Amino acid sequence: MHIPDGYIPLDQAAIYWIIALVFIARSIKWARKDMNEDMLPLLAVVAAGMFVLQTINIAASLLVPIPMMGGVSWHIVGAALAAIIFASPWAAVLLMTSVLAVQFILFGDGGLTVMGANIVNMGIIGGFMGYYTYIGLSKLSVKRPVAMFAGAWASMILPAIALAFELWLAGTFPLKQGVVLMGIFQGVAGIGEGMITVIVFGAIAKAKPEIVMNGAHNKVSTAKVAAACIIAFAGIAIAAPFLASSNPDGLGQTASMVIKNGINSAVSPITPIFPGYSIAGFGKTGEIAAIVIGLAVILILWLGIMKILKKV
Amino acid sequence: MHISLGEIERETYRKTPIHGIDGRIKILMALAIIVYAVALPRMDTMNFMKFGLLELYLIVLMLSARLDFSYIAFRFAMALPFGFGLAVFQPFLRQPFTTDFTVIYTLPMGLEITREGTLFGAIVFAKFIVCITAVILISSTMSMSELVASARRLGLPRELALLFTMMVRYIFVFWNILGRIRTAQKTRCFDIWNKNVPRRWKLTQVGYTISSLFIRSYEQGERTYQSMLCRGYNADAHVYVGKKKLGTVDFFFLILTLGIIILAQMYITSLIVIPLSK
């Protein structure tokens, strides 16, 4: 899932780099200042461990019991795992940044100009969305393993969708096909990531309980989780019309005509949160507005339920 | 699947003029080549000669560094899949930045191969190959710690320098620990592909391997941090990087690389344009 050099034009790559650098700077500040002591040396060593544990190949047949998958393997990414253990998404940003940099140099995975984009996907989107999915669900008193599984799964699928959008913006890959292909691939890998995350967290909590932060969800303010949710929903709201549109930019009539029907039916579970919703006369803007309003309603409902749950 | 880390590091021990170039120059060379290759227009047949020249130059450098051929082939094979996969699709796609498409071949089921799509796919793939070659060259001719030290000399912020200096030191330690865990599992007949064992159990074992590695790295981190504190570490501490002077050879290679890029840009364009204008 690492975008290689050359697949994103320089100007767009620069934008991702700027976003990534802001987050990296903040994550270093987190490691140095926000903790009780300077965590940077410790995180540097853990980053080396993370790098090595990403080289462990796990047979895909453990995940999908299809004979065809016999020789295929996948490996865990661990963005959500790191964020959950250190009880901060900044840990994921810092660790994934260092792992991606070394992977690029040693294994040639990813690239130099596109490293910003890769950090945005796997470190920032994966870490933050994975962590806040976990925290949000824990706040709703979902059982810990389930919340953790969902967080780890989100940390795999959301970066894949972001990657599909980035490649589409770069003009390298059509949007729908990209979302479906990457979504299916990472969605399946996400199941493994989720299971392994639950097992690993359980094992660490048993063997060395002092390093995992228990009850982190009580310390994170609801406002923070809500903010993460709003950002995620805003992302979906902006993205959805492009997905829902039958012809995002003329890429619709492509080679995939053959599988078009299949794709439409496969995409539909994601997109039509508000099928056919649009404010007449406003076109795409109206559609986005409709979805934003709709999501705001969902959010208000959700916050209301949270309040009620807290009182009970 | 992955090549052994030790093998990558071993290639950097050779003593050739290429290995001897200062790390800063090698980083700048790779940076210049990668940025130039990525910046080239995405629809231009002239690109191929430029990519060819850059790739030729990089291969000459690789050959003079006496890198093992099978090693290079393996490194390429490892890096290729995702980029190759994306490039292979291009001939069938209608790129949004072009409007005129010439269909050069129609496959059954309405699949059409366009000239523009093929051109874009080939260019994107060539860019990718040049960039990968540059990275393989620098990572095979200098050790990770030298690379970090050189990056530090080039002005890498000291927090990042600390992060990477410590990280690259411990990668090899944990790589060996993982090797030991694997050996221990093998002696107990653990095989992840074994079909006669429940999948759940195997998955748990993998989970334990990962958690054990994580805990060990965490504990190592704590120990290292404690001993750093004992030796007077604080947040204002710098990673010491000794000064190193650039020699004539270093400047020669820097100028040579920039020269090759300028040659690719100026000469190849003019070479084609002049006959056409006549």
# chains A, B, ... in the order shown; residues from 1 in each chain; ligands from 1
>>> residues_around(residues="region 51-55 of chain B", least_positions_apart="2", cutoff="8 Å", atoms="only C-alpha atoms", output="MDAnalysis selection string")
chainID B and resid 33 37 47:49 57:59 126:127 130 133 260:261 264
>>> write_last_selection(atoms="C-alpha atoms", output="short mmCIF file (atom, residue, chain, number, x, y, z; two decimals), in the first residue's frame")
data_model
loop_
_atom_site.label_atom_id
_atom_site.label_comp_id
_atom_site.auth_asym_id
_atom_site.auth_seq_id
_atom_site.Cartn_x
_atom_site.Cartn_y
_atom_site.Cartn_z
CA ILE B 33 17.85 12.36 -9.73
CA ALA B 37 12.69 12.16 -12.77
CA ASN B 47 11.25 11.48 -21.60
CA PHE B 48 12.42 8.02 -22.49
CA MET B 49 15.86 9.18 -23.64
CA TYR B 57 24.38 6.50 -15.40
CA LEU B 58 22.99 4.83 -12.28
CA ILE B 59 23.75 1.36 -13.65
CA ALA B 126 10.17 4.48 -16.08
CA LYS B 127 10.07 7.21 -13.44
CA VAL B 130 14.85 5.37 -12.11
CA THR B 133 17.56 2.41 -8.89
CA ILE B 260 24.15 14.35 -16.46
CA ILE B 261 20.83 15.88 -15.41
CA ALA B 264 19.46 15.11 -20.17
#
>>> interface_residues(of="chain A", to="chain B", cutoff="7 Å", atoms="only C-alpha atoms", output="PyMOL selection string")
chain A and resi 4-7+9-10+38+40-42+44-49+52-53+59+62+105-109+171+196+199-200+203-204+249-251+254-255+258
>>> closest_residue(among="A:Ile56, A:Met213, A:Ala164, A:Leu21", to="Leu94 (chain A)", atoms="only C-alpha atoms")
A:Leu21
>>> atom_distance(atom1="CA of Gln103 (chain A)", atom2="CA of Gly20 (chain B)")
23.8 Å
>>> atom_distance(atom1="CA of Thr113 (chain A)", atom2="CA of Ile28 (chain A)")
21.5 Å
>>> atom_distance(atom1="CA of Ala152 (chain A)", atom2="CA of Tyr132 (chain A)")
10.4 Å
>>> select_by_dssp(residues="region 9-215 of chain B", states="alpha helix (DSSP H)", output="count of residues only")
147
>>> closest_residue(among="A:Val180, A:Ala83, A:Arg144, A:Val99", to="Gln54 (chain A)", atoms="only C-alpha atoms")
A:Val99
>>> residues_around(residues="Ala14 (chain A)", least_positions_apart="4", cutoff="10 Å", atoms="only C-alpha atoms", output="list of chain:residue names")
A:Ile8, A:Pro9, A:Leu10, A:Ile18, A:Ile19, A:Ala20, A:Thr113, A:Val114, A:Met115, A:Gly116, A:Ala117
>>> closest_residue(among="B:Ser145, B:Thr183, B:Gln265, B:Thr118", to="Met43 (chain B)", atoms="only C-alpha atoms")
B:Thr118
